[in-house]
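Right, one structure below, let's go through it.
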There are 2 protein chains.
Amino acid sequence: MSTTKMKTSARAVGKTRASAAGRARSAEILRVAAKMFFKHGYAGASIDAIIAEAGGSKRDIYGEFGGKEGLFAAIVRDNLNTALGTLASGMDESKSLQETLFDFGIGLAEVLSTPTGLNLYRIIVSEGVRFPALAKLFYDSGPGLVANKLAEVLEQRKRAKEIDVADCHAAADQFVGMIRGNLHLAVILRIRPAPRPDELQAFVSKAVATLLHGIVSTRKA
Amino acid sequence: MSTTKMKTSARAVGKTRASAAGRARSAEILRVAAKMFFKHGYAGASIDAIIAEAGGSKRDIYGEFGGKEGLFAAIVRDNLNTALGTLASGMDESKSLQETLFDFGIGLAEVLSTPTGLNLYRIIVSEGVRFPALAKLFYDSGPGLVANKLAEVLEQRKRAKEIDVADCHAAADQFVGMIRGNLHLAVILRIRPAPRPDELQAFVSKAVATLLHGIVSTRKA
DNA sequence: CCCTCTTGGTACTACCCCGTACCAGTGTGC
DNA sequence: GCACACTGGTACGGGGTAGTACCAAGAGGG
């Protein structure tokens, strides 16, 4: 792509915006609409209220996103990308398994504690049934992908005889489940505030210890 | 108050129902309303639609439950009680720790896989922010209580030197998290069907193994 | 200077919903 | 046979929403 512009014919269809002002407007709509959808839910959010706060006209929404459903889908995809972006840091082969798990768990727990992560989880659980494609996208590129990546790491360590477990994928799911446990649920339900960094580190550290050694044997190293 | 009856003047206020037909009507309203709320969400469920299917008049709802919010609260409490009822089976002291954990995990996983459990979880995550009292009730008598009971069991076993872990409550949360992990999320999102009994048993069995011995050491017993 | 295209803003249509009020039919105690 | 409370059903008022249509103002090229 020499230029960032799309085909000019696309404008005739009214699907995309070309002008800089149009792109800025779209971004503002996405920002305000996300706030509304996350705060009031899909049914409770109102197109009129979104436009009243974001400025512009309803045509900006219906031309760019096709309607309320399209706007909702765009918001889910957008926030999913921002959440996954902060999680993208790769695996370091040189680190010990304990360190690797700790870093992995911290990254996951941080994303889950983010306002974006919390809101996304809430809205997907709420509306996933009515938007199966979005639910699958969320799962496959979120919790499912994370577990798959962790399972690969565990497989490597298993081949290196560092660990001895039959089902690495189950173990990965177990670790993800420990991180997204009652603490996460309590934060989701606003029963307690999001954990401080030191709380998070202690929490993840305990999860790593249990995953590695369990609660029966005395810690070895 | 010598008898268990409430003041007869209560009927004048229109708060309670006395007749058998009234109680049957209330039960039917609860049943249909639960279906509607679970299917369409709080905002999407309509009082008119509920009455159209349950029969009777809107006055039956406004007299008995006070309004839409009261009806919703009644439904959450009702379904929470049914879900907890199936979970109430007590701890058996004579069983081994492994057996105890397995039974515990199976009970929890079964409740979570129930339509009632799935719907309740979904609706509480959706609407918990708007109904803080219900969210707290759900957490305290559901996931929170379960974790507390399990933590007590672990404390006993710790005093008996069966296990060696610093934070029993964290370990209980970890186990609950493993049970309510990606599998549960996938079922919630309708990405996969509820697990069959044999799948559930294998799943819980692996979680018990990891909790007890971790993935590093070779299984000992 | 004029014309056209874009865009912000508003009006409108056709619904839907909560909560209350009213009306007609029914069964029961007397 | 009768008065009465109860109940099912319907109508209404006030408000709100999604989506479409329309209008007026401004920008920019010729």
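Residues in the structure tokens are numbered from 1 in each chain, the chains being A, B, ... in the order shown, and ligands are numbered from 1 in the order shown.
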
For chain A, report every residue with an atom at most 6 Å from chain B (counting only C-alpha atoms), formatted as a short mmCIF file (atom, residue, chain, number, x, y, z; two decimals) with C-alpha atoms, in the first residue's frame.
```cif
data_model
loop_
_atom_site.label_atom_id
_atom_site.label_comp_id
_atom_site.auth_asym_id
_atom_site.auth_seq_id
_atom_site.Cartn_x
_atom_site.Cartn_y
_atom_site.Cartn_z
CA SER A 126 -23.86 -10.71 29.07
CA GLY A 128 -22.37 -13.46 24.05
CA ILE A 163 7.72 -31.30 34.45
CA ASP A 164 5.79 -34.52 34.54
CA VAL A 165 2.13 -34.12 33.75
CA GLN A 174 -5.98 -24.90 35.39
CA GLY A 177 -8.52 -20.67 35.94
CA MET A 178 -6.51 -19.97 39.08
CA GLY A 181 -10.71 -17.04 40.00
CA LEU A 189 -19.11 -7.76 40.77
CA LEU A 211 0.72 -25.33 40.00
CA LEU A 212 4.33 -26.44 40.28
CA HIS A 213 4.35 -28.32 43.57
CA GLY A 214 0.82 -28.69 44.86
CA ILE A 215 -0.16 -28.38 48.48
CA VAL A 216 0.91 -31.76 49.75
CA THR A 218 6.87 -29.37 51.10
#
```

Can you tell me which residues surround Asp78 in chain B at a distance of at most 12 Å, considering only C-alpha atoms (C1' of nucleotides), apart from same-chain residues fewer than 5 positions away, and format the answer as a PDB file with all heavy atoms, in the first residue's frame?
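Just written: selection39.pdb:
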```
ATOM      1  N   ALA B  27     -45.919 -18.772  41.684  1.00  0.00           N
ATOM      2  CA  ALA B  27     -44.899 -19.719  41.247  1.00  0.00           C
ATOM      3  C   ALA B  27     -44.774 -19.728  39.731  1.00  0.00           C
ATOM      4  O   ALA B  27     -43.668 -19.763  39.181  1.00  0.00           O
ATOM      5  CB  ALA B  27     -45.251 -21.117  41.768  1.00  0.00           C
ATOM      6  N   LEU B  30     -42.964 -16.674  38.620  1.00  0.00           N
ATOM      7  CA  LEU B  30     -41.526 -16.813  38.844  1.00  0.00           C
ATOM      8  C   LEU B  30     -40.877 -17.670  37.764  1.00  0.00           C
ATOM      9  O   LEU B  30     -39.794 -17.372  37.275  1.00  0.00           O
ATOM     10  CB  LEU B  30     -41.272 -17.424  40.220  1.00  0.00           C
ATOM     11  CG  LEU B  30     -41.348 -16.466  41.404  1.00  0.00           C
ATOM     12  CD1 LEU B  30     -41.128 -17.221  42.710  1.00  0.00           C
ATOM     13  CD2 LEU B  30     -40.324 -15.363  41.282  1.00  0.00           C
ATOM     14  N   ARG B  31     -41.578 -18.744  37.404  1.00  0.00           N
ATOM     15  CA  ARG B  31     -41.021 -19.658  36.405  1.00  0.00           C
ATOM     16  C   ARG B  31     -40.877 -18.957  35.054  1.00  0.00           C
ATOM     17  O   ARG B  31     -39.807 -18.969  34.433  1.00  0.00           O
ATOM     18  CB  ARG B  31     -41.930 -20.878  36.271  1.00  0.00           C
ATOM     19  CG  ARG B  31     -41.303 -22.088  35.619  1.00  0.00           C
ATOM     20  CD  ARG B  31     -42.347 -23.184  35.396  1.00  0.00           C
ATOM     21  NE  ARG B  31     -43.416 -22.733  34.509  1.00  0.00           N
ATOM     22  CZ  ARG B  31     -43.316 -22.720  33.177  1.00  0.00           C
ATOM     23  NH1 ARG B  31     -42.204 -23.116  32.603  1.00  0.00           N
ATOM     24  NH2 ARG B  31     -44.320 -22.302  32.439  1.00  0.00           N
ATOM     25  N   ALA B  33     -41.021 -15.728  34.364  1.00  0.00           N
ATOM     26  CA  ALA B  33     -40.162 -14.543  34.418  1.00  0.00           C
ATOM     27  C   ALA B  33     -38.687 -14.940  34.399  1.00  0.00           C
ATOM     28  O   ALA B  33     -37.871 -14.279  33.751  1.00  0.00           O
ATOM     29  CB  ALA B  33     -40.475 -13.723  35.662  1.00  0.00           C
ATOM     30  N   ALA B  34     -38.358 -16.034  35.100  1.00  0.00           N
ATOM     31  CA  ALA B  34     -36.969 -16.481  35.072  1.00  0.00           C
ATOM     32  C   ALA B  34     -36.560 -16.808  33.647  1.00  0.00           C
ATOM     33  O   ALA B  34     -35.484 -16.418  33.178  1.00  0.00           O
ATOM     34  CB  ALA B  34     -36.806 -17.701  35.984  1.00  0.00           C
ATOM     35  N   LEU B  71     -39.337  -8.230  41.167  1.00  0.00           N
ATOM     36  CA  LEU B  71     -39.486  -9.533  40.514  1.00  0.00           C
ATOM     37  C   LEU B  71     -38.124 -10.121  40.174  1.00  0.00           C
ATOM     38  O   LEU B  71     -37.870 -11.309  40.406  1.00  0.00           O
ATOM     39  CB  LEU B  71     -40.333  -9.378  39.251  1.00  0.00           C
ATOM     40  CG  LEU B  71     -40.558 -10.636  38.432  1.00  0.00           C
ATOM     41  CD1 LEU B  71     -41.257 -11.709  39.241  1.00  0.00           C
ATOM     42  CD2 LEU B  71     -41.363 -10.321  37.173  1.00  0.00           C
ATOM     43  N   PHE B  72     -37.252  -9.295  39.661  1.00  0.00           N
ATOM     44  CA  PHE B  72     -35.899  -9.759  39.331  1.00  0.00           C
ATOM     45  C   PHE B  72     -35.174 -10.255  40.570  1.00  0.00           C
ATOM     46  O   PHE B  72     -34.571 -11.338  40.565  1.00  0.00           O
ATOM     47  CB  PHE B  72     -35.121  -8.620  38.677  1.00  0.00           C
ATOM     48  CG  PHE B  72     -33.737  -8.994  38.258  1.00  0.00           C
ATOM     49  CD1 PHE B  72     -33.524  -9.862  37.210  1.00  0.00           C
ATOM     50  CD2 PHE B  72     -32.640  -8.463  38.930  1.00  0.00           C
ATOM     51  CE1 PHE B  72     -32.251 -10.202  36.819  1.00  0.00           C
ATOM     52  CE2 PHE B  72     -31.358  -8.811  38.547  1.00  0.00           C
ATOM     53  CZ  PHE B  72     -31.161  -9.677  37.493  1.00  0.00           C
ATOM     54  N   ALA B  73     -35.257  -9.486  41.642  1.00  0.00           N
ATOM     55  CA  ALA B  73     -34.602  -9.901  42.881  1.00  0.00           C
ATOM     56  C   ALA B  73     -35.160 -11.226  43.363  1.00  0.00           C
ATOM     57  O   ALA B  73     -34.411 -12.109  43.797  1.00  0.00           O
ATOM     58  CB  ALA B  73     -34.782  -8.818  43.945  1.00  0.00           C
ATOM     59  N   ALA B  83     -30.001 -23.599  43.352  1.00  0.00           N
ATOM     60  CA  ALA B  83     -28.631 -23.996  43.026  1.00  0.00           C
ATOM     61  C   ALA B  83     -27.882 -24.419  44.283  1.00  0.00           C
ATOM     62  O   ALA B  83     -27.181 -25.435  44.292  1.00  0.00           O
ATOM     63  CB  ALA B  83     -27.902 -22.844  42.330  1.00  0.00           C
ATOM     64  N   LEU B  84     -28.020 -23.652  45.352  1.00  0.00           N
ATOM     65  CA  LEU B  84     -27.302 -23.974  46.580  1.00  0.00           C
ATOM     66  C   LEU B  84     -27.850 -25.228  47.234  1.00  0.00           C
ATOM     67  O   LEU B  84     -27.114 -25.956  47.890  1.00  0.00           O
ATOM     68  CB  LEU B  84     -27.395 -22.798  47.562  1.00  0.00           C
ATOM     69  CG  LEU B  84     -26.698 -21.525  47.089  1.00  0.00           C
ATOM     70  CD1 LEU B  84     -26.884 -20.414  48.100  1.00  0.00           C
ATOM     71  CD2 LEU B  84     -25.229 -21.785  46.840  1.00  0.00           C
ATOM     72  N   GLY B  85     -29.145 -25.476  47.034  1.00  0.00           N
ATOM     73  CA  GLY B  85     -29.732 -26.672  47.624  1.00  0.00           C
ATOM     74  C   GLY B  85     -29.052 -27.940  47.168  1.00  0.00           C
ATOM     75  O   GLY B  85     -28.788 -28.834  47.961  1.00  0.00           O
ATOM     76  N   THR B 116     -29.588 -23.753  35.567  1.00  0.00           N
ATOM     77  CA  THR B 116     -29.748 -22.731  36.600  1.00  0.00           C
ATOM     78  C   THR B 116     -28.426 -22.067  36.944  1.00  0.00           C
ATOM     79  O   THR B 116     -28.331 -20.833  37.014  1.00  0.00           O
ATOM     80  CB  THR B 116     -30.352 -23.357  37.866  1.00  0.00           C
ATOM     81  OG1 THR B 116     -31.639 -23.895  37.552  1.00  0.00           O
ATOM     82  CG2 THR B 116     -30.508 -22.316  38.962  1.00  0.00           C
ATOM     83  N   GLY B 117     -27.391 -22.869  37.130  1.00  0.00           N
ATOM     84  CA  GLY B 117     -26.096 -22.297  37.480  1.00  0.00           C
ATOM     85  C   GLY B 117     -25.551 -21.409  36.381  1.00  0.00           C
ATOM     86  O   GLY B 117     -25.046 -20.309  36.653  1.00  0.00           O
ATOM     87  N   LEU B 120     -27.687 -18.208  36.124  1.00  0.00           N
ATOM     88  CA  LEU B 120     -27.487 -17.340  37.271  1.00  0.00           C
ATOM     89  C   LEU B 120     -26.156 -16.606  37.172  1.00  0.00           C
ATOM     90  O   LEU B 120     -26.071 -15.390  37.390  1.00  0.00           O
ATOM     91  CB  LEU B 120     -27.545 -18.181  38.552  1.00  0.00           C
ATOM     92  CG  LEU B 120     -27.960 -17.499  39.829  1.00  0.00           C
ATOM     93  CD1 LEU B 120     -29.258 -16.752  39.652  1.00  0.00           C
ATOM     94  CD2 LEU B 120     -28.089 -18.529  40.938  1.00  0.00           C
ATOM     95  N   LEU B 134     -27.794  -7.780  45.265  1.00  0.00           N
ATOM     96  CA  LEU B 134     -27.911  -9.130  44.725  1.00  0.00           C
ATOM     97  C   LEU B 134     -26.528  -9.697  44.392  1.00  0.00           C
ATOM     98  O   LEU B 134     -26.272 -10.883  44.596  1.00  0.00           O
ATOM     99  CB  LEU B 134     -28.780  -9.119  43.471  1.00  0.00           C
ATOM    100  CG  LEU B 134     -30.261  -8.855  43.713  1.00  0.00           C
ATOM    101  CD1 LEU B 134     -31.012  -8.877  42.396  1.00  0.00           C
ATOM    102  CD2 LEU B 134     -30.847  -9.878  44.660  1.00  0.00           C
ATOM    103  N   LEU B 137     -25.070 -10.784  47.632  1.00  0.00           N
ATOM    104  CA  LEU B 137     -25.744 -11.998  48.087  1.00  0.00           C
ATOM    105  C   LEU B 137     -25.258 -13.214  47.306  1.00  0.00           C
ATOM    106  O   LEU B 137     -24.955 -14.258  47.878  1.00  0.00           O
ATOM    107  CB  LEU B 137     -27.257 -11.827  47.907  1.00  0.00           C
ATOM    108  CG  LEU B 137     -28.097 -13.067  48.204  1.00  0.00           C
ATOM    109  CD1 LEU B 137     -28.113 -13.359  49.689  1.00  0.00           C
ATOM    110  CD2 LEU B 137     -29.528 -12.899  47.688  1.00  0.00           C
ATOM    111  N   PHE B 138     -25.186 -13.069  45.995  1.00  0.00           N
ATOM    112  CA  PHE B 138     -24.725 -14.180  45.158  1.00  0.00           C
ATOM    113  C   PHE B 138     -23.319 -14.607  45.535  1.00  0.00           C
ATOM    114  O   PHE B 138     -23.049 -15.782  45.766  1.00  0.00           O
ATOM    115  CB  PHE B 138     -24.776 -13.761  43.686  1.00  0.00           C
ATOM    116  CG  PHE B 138     -24.101 -14.721  42.755  1.00  0.00           C
ATOM    117  CD1 PHE B 138     -24.771 -15.857  42.311  1.00  0.00           C
ATOM    118  CD2 PHE B 138     -22.806 -14.492  42.319  1.00  0.00           C
ATOM    119  CE1 PHE B 138     -24.149 -16.741  41.450  1.00  0.00           C
ATOM    120  CE2 PHE B 138     -22.181 -15.383  41.462  1.00  0.00           C
ATOM    121  CZ  PHE B 138     -22.853 -16.504  41.029  1.00  0.00           C
TER     122      PHE B 138
END
```

Both chains have the same sequence, so superpose chain A on chain B over all Cα atoms paired in order and return it as a short mmCIF file (atom, residue, chain, number, x, y, z; two decimals) with C-alpha atoms, in the first residue's frame.
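Now in result-v6.cif:
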```cif
data_model
loop_
_atom_site.label_atom_id
_atom_site.label_comp_id
_atom_site.auth_asym_id
_atom_site.auth_seq_id
_atom_site.Cartn_x
_atom_site.Cartn_y
_atom_site.Cartn_z
CA MET A 1 -45.56 -20.31 64.13
CA SER A 2 -48.67 -22.30 64.76
CA THR A 3 -50.04 -21.58 61.33
CA THR A 4 -48.22 -20.70 58.18
CA LYS A 5 -50.32 -17.61 57.76
CA MET A 6 -48.72 -14.19 58.11
CA LYS A 7 -50.20 -11.28 59.92
CA THR A 8 -53.56 -10.42 58.41
CA SER A 9 -52.73 -6.74 58.54
CA ALA A 10 -50.07 -7.32 55.96
CA ARG A 11 -52.76 -7.76 53.40
CA ALA A 12 -53.98 -4.23 53.96
CA VAL A 13 -50.56 -3.00 52.87
CA GLY A 14 -50.90 -5.13 49.77
CA LYS A 15 -47.48 -6.68 50.17
CA THR A 16 -48.26 -10.33 50.63
CA ARG A 17 -50.72 -12.81 49.30
CA ALA A 18 -52.66 -15.12 51.53
CA SER A 19 -54.86 -17.22 49.29
CA ALA A 20 -53.65 -20.47 47.83
CA ALA A 21 -54.53 -19.27 44.36
CA GLY A 22 -52.41 -16.18 44.94
CA ARG A 23 -49.41 -18.25 45.96
CA ALA A 24 -49.77 -20.46 42.93
CA ARG A 25 -49.96 -17.39 40.73
CA SER A 26 -46.83 -15.95 42.29
CA ALA A 27 -44.95 -19.18 41.72
CA GLU A 28 -46.01 -19.27 38.09
CA ILE A 29 -44.96 -15.66 37.63
CA LEU A 30 -41.56 -16.44 39.12
CA ARG A 31 -41.15 -19.40 36.80
CA VAL A 32 -42.10 -17.57 33.62
CA ALA A 33 -40.24 -14.40 34.56
CA ALA A 34 -37.07 -16.38 35.24
CA LYS A 35 -37.34 -17.88 31.79
CA MET A 36 -37.75 -14.45 30.22
CA PHE A 37 -35.00 -12.71 32.21
CA PHE A 38 -32.55 -15.53 31.55
CA LYS A 39 -33.37 -15.66 27.87
CA HIS A 40 -33.56 -11.97 26.99
CA GLY A 41 -31.70 -10.25 29.81
CA TYR A 42 -33.06 -7.67 32.21
CA ALA A 43 -33.73 -4.92 29.69
CA GLY A 44 -35.00 -7.31 27.05
CA ALA A 45 -37.54 -9.06 29.25
CA SER A 46 -40.97 -7.48 29.15
CA ILE A 47 -43.57 -7.37 31.92
CA ASP A 48 -46.30 -7.63 29.34
CA ALA A 49 -44.81 -10.78 27.84
CA ILE A 50 -44.40 -12.34 31.27
CA ILE A 51 -48.03 -11.75 32.19
CA ALA A 52 -49.19 -12.85 28.76
CA GLU A 53 -47.61 -16.24 29.36
CA ALA A 54 -48.10 -16.60 33.11
CA GLY A 55 -51.70 -15.40 33.13
CA GLY A 56 -53.23 -13.02 35.62
CA SER A 57 -52.83 -9.28 35.57
CA LYS A 58 -49.99 -6.82 35.89
CA ARG A 59 -51.32 -5.97 39.32
CA ASP A 60 -50.14 -9.39 40.45
CA ILE A 61 -46.58 -8.29 39.75
CA TYR A 62 -46.78 -4.74 41.01
CA GLY A 63 -48.64 -5.79 44.15
CA GLU A 64 -46.41 -8.71 45.01
CA PHE A 65 -42.97 -7.62 43.85
CA GLY A 66 -43.27 -3.86 43.59
CA GLY A 67 -42.12 -3.61 39.99
CA LYS A 68 -39.63 -4.95 37.49
CA GLU A 69 -36.63 -4.52 39.77
CA GLY A 70 -38.32 -6.28 42.66
CA LEU A 71 -39.35 -9.14 40.42
CA PHE A 72 -35.80 -9.48 39.18
CA ALA A 73 -34.45 -9.51 42.71
CA ALA A 74 -36.96 -12.16 43.74
CA ILE A 75 -35.92 -14.34 40.81
CA VAL A 76 -32.23 -14.05 41.59
CA ARG A 77 -32.83 -14.93 45.24
CA ASP A 78 -35.09 -17.80 44.30
CA ASN A 79 -32.73 -19.40 41.80
CA LEU A 80 -29.77 -18.78 44.07
CA ASN A 81 -31.51 -20.75 46.79
CA THR A 82 -32.29 -23.66 44.50
CA ALA A 83 -28.69 -23.72 43.27
CA LEU A 84 -27.30 -23.59 46.80
CA GLY A 85 -29.74 -26.24 47.98
CA THR A 86 -28.16 -28.85 45.76
CA LEU A 87 -24.75 -27.87 47.07
CA ALA A 88 -25.55 -28.08 50.76
CA SER A 89 -24.22 -31.59 51.40
CA GLY A 90 -21.81 -31.37 54.31
CA MET A 91 -18.23 -32.38 54.74
CA ASP A 92 -17.43 -35.89 55.78
CA GLU A 93 -14.54 -36.00 58.21
CA SER A 94 -13.81 -39.66 57.66
CA LYS A 95 -12.97 -39.39 54.00
CA SER A 96 -9.47 -38.90 52.69
CA LEU A 97 -8.42 -35.47 51.55
CA GLN A 98 -8.39 -36.63 47.95
CA GLU A 99 -11.92 -37.96 48.23
CA THR A 100 -13.09 -34.84 50.01
CA LEU A 101 -11.69 -32.60 47.31
CA PHE A 102 -13.12 -34.78 44.59
CA ASP A 103 -16.61 -34.75 46.09
CA PHE A 104 -16.34 -31.03 46.68
CA GLY A 105 -15.25 -30.40 43.12
CA ILE A 106 -17.91 -32.63 41.63
CA GLY A 107 -20.61 -30.88 43.62
CA LEU A 108 -19.38 -27.47 42.53
CA ALA A 109 -18.92 -28.45 38.90
CA GLU A 110 -22.37 -30.00 38.77
CA VAL A 111 -24.03 -26.89 40.12
CA LEU A 112 -22.11 -24.76 37.64
CA SER A 113 -23.25 -27.00 34.76
CA THR A 114 -26.90 -26.83 35.77
CA PRO A 115 -29.12 -24.58 33.65
CA THR A 116 -29.89 -22.68 36.84
CA GLY A 117 -26.21 -22.29 37.65
CA LEU A 118 -25.31 -21.18 34.14
CA ASN A 119 -28.17 -18.72 33.85
CA LEU A 120 -27.54 -17.30 37.29
CA TYR A 121 -23.87 -16.75 36.61
CA ARG A 122 -24.62 -15.11 33.28
CA ILE A 123 -27.28 -12.76 34.58
CA ILE A 124 -25.27 -11.76 37.65
CA VAL A 125 -22.23 -10.94 35.58
CA SER A 126 -24.47 -8.98 33.21
CA GLU A 127 -26.52 -7.01 35.69
CA GLY A 128 -24.41 -7.15 38.83
CA VAL A 129 -23.17 -3.64 38.25
CA ARG A 130 -26.73 -2.30 38.22
CA PHE A 131 -27.77 -4.40 41.25
CA PRO A 132 -24.88 -4.23 43.72
CA ALA A 133 -26.86 -5.79 46.56
CA LEU A 134 -27.71 -8.83 44.46
CA ALA A 135 -24.13 -9.11 43.25
CA LYS A 136 -22.86 -9.15 46.82
CA LEU A 137 -25.53 -11.63 47.90
CA PHE A 138 -24.60 -13.91 45.02
CA TYR A 139 -20.89 -13.75 45.69
CA ASP A 140 -21.10 -14.08 49.45
CA SER A 141 -23.50 -17.01 49.43
CA GLY A 142 -22.10 -18.60 46.28
CA PRO A 143 -18.46 -18.57 45.17
CA GLY A 144 -17.26 -16.78 48.29
CA LEU A 145 -18.96 -19.15 50.69
CA VAL A 146 -17.77 -22.19 48.79
CA ALA A 147 -14.19 -20.99 48.92
CA ASN A 148 -14.47 -20.21 52.62
CA LYS A 149 -15.80 -23.67 53.43
CA LEU A 150 -13.07 -25.30 51.41
CA ALA A 151 -10.48 -23.11 53.10
CA GLU A 152 -11.68 -24.35 56.50
CA VAL A 153 -11.31 -27.94 55.38
CA LEU A 154 -7.80 -27.24 54.19
CA GLU A 155 -6.94 -25.53 57.46
CA GLN A 156 -7.98 -28.66 59.34
CA ARG A 157 -5.86 -30.87 57.11
CA LYS A 158 -3.00 -28.45 57.50
CA ARG A 159 -3.20 -28.67 61.29
CA ALA A 160 -3.18 -32.45 60.85
CA LYS A 161 0.05 -32.04 58.84
CA GLU A 162 -1.57 -33.60 55.81
CA ILE A 163 -0.73 -30.64 53.64
CA ASP A 164 1.89 -27.96 53.73
CA VAL A 165 0.78 -24.70 52.21
CA ALA A 166 1.09 -21.20 53.55
CA ASP A 167 -2.20 -19.70 52.41
CA CYS A 168 -5.13 -22.10 52.65
CA HIS A 169 -7.60 -19.53 51.46
CA ALA A 170 -5.57 -18.89 48.34
CA ALA A 171 -5.40 -22.61 47.73
CA ALA A 172 -9.17 -22.87 48.08
CA ASP A 173 -9.63 -20.04 45.58
CA GLN A 174 -7.23 -21.76 43.23
CA PHE A 175 -9.24 -24.97 43.34
CA VAL A 176 -12.51 -23.15 42.78
CA GLY A 177 -10.88 -21.32 39.89
CA MET A 178 -9.72 -24.58 38.32
CA ILE A 179 -13.26 -25.95 38.49
CA ARG A 180 -14.77 -22.76 37.09
CA GLY A 181 -12.24 -22.46 34.29
CA ASN A 182 -12.26 -22.36 30.53
CA LEU A 183 -14.61 -25.33 30.37
CA HIS A 184 -17.23 -23.43 32.29
CA LEU A 185 -16.67 -20.33 30.19
CA ALA A 186 -17.06 -22.30 26.97
CA VAL A 187 -20.35 -23.71 28.19
CA ILE A 188 -21.51 -20.26 29.27
CA LEU A 189 -20.76 -18.94 25.78
CA ARG A 190 -22.52 -21.92 24.18
CA ILE A 191 -19.33 -22.88 22.40
CA ARG A 192 -19.61 -26.39 23.70
CA PRO A 193 -22.41 -28.30 25.45
CA ALA A 194 -22.47 -28.99 29.14
CA PRO A 195 -20.06 -31.79 30.04
CA ARG A 196 -21.29 -35.33 30.46
CA PRO A 197 -20.92 -36.91 33.92
CA ASP A 198 -17.87 -38.93 32.90
CA GLU A 199 -16.20 -35.86 31.42
CA LEU A 200 -16.93 -34.00 34.62
CA GLN A 201 -15.39 -36.70 36.76
CA ALA A 202 -12.23 -36.84 34.68
CA PHE A 203 -12.02 -33.05 34.75
CA VAL A 204 -12.38 -32.81 38.52
CA SER A 205 -10.04 -35.69 39.08
CA LYS A 206 -7.28 -33.91 37.16
CA ALA A 207 -7.87 -30.73 39.11
CA VAL A 208 -7.54 -32.61 42.40
CA ALA A 209 -4.33 -34.22 41.25
CA THR A 210 -2.79 -30.89 40.29
CA LEU A 211 -3.88 -29.19 43.47
CA LEU A 212 -2.41 -31.95 45.60
CA HIS A 213 0.84 -32.71 43.80
CA GLY A 214 1.42 -30.18 41.07
CA ILE A 215 2.84 -31.00 37.68
CA VAL A 216 6.50 -31.28 38.54
CA SER A 217 6.82 -34.20 40.88
CA THR A 218 5.72 -37.66 39.83
CA ARG A 219 2.50 -38.70 41.50
CA LYS A 220 3.27 -40.50 44.73
CA ALA A 221 0.06 -42.14 45.87
#
```

Considering only C-alpha atoms (C1' of nucleotides), give me a table of residues in chain D that are at most 10 Å from chain B, with the closest atom pair and distance in Å for each, as JSON lines.
```
{"residue": "D:DT7", "atom": "C1'", "partner": "B:Gly56", "partner_atom": "CA", "distance": 7.8}
{"residue": "D:DG8", "atom": "C1'", "partner": "B:Gly56", "partner_atom": "CA", "distance": 5.6}
{"residue": "D:DG9", "atom": "C1'", "partner": "B:Ser57", "partner_atom": "CA", "distance": 7.0}
{"residue": "D:DT10", "atom": "C1'", "partner": "B:Ser57", "partner_atom": "CA", "distance": 9.8}
```

Practice prompt. Any chance you could list, as a ChimeraX atom specification, the residues in range 42-94 of chain A that come up helix (DSSP H, G or I) when DSSP is run on the backbone?
Written response: /A:42-44,47-54,58-64,68-85

Discussion item. So the first atom is C1' of DA21 in chain D and the second is C1' of DC2 in chain C; what is the distance between them in Å, to one decimal place?
Written reply: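 Separation of C1' of DA21 in chain D and C1' of DC2 in chain C: 27.3 Å.
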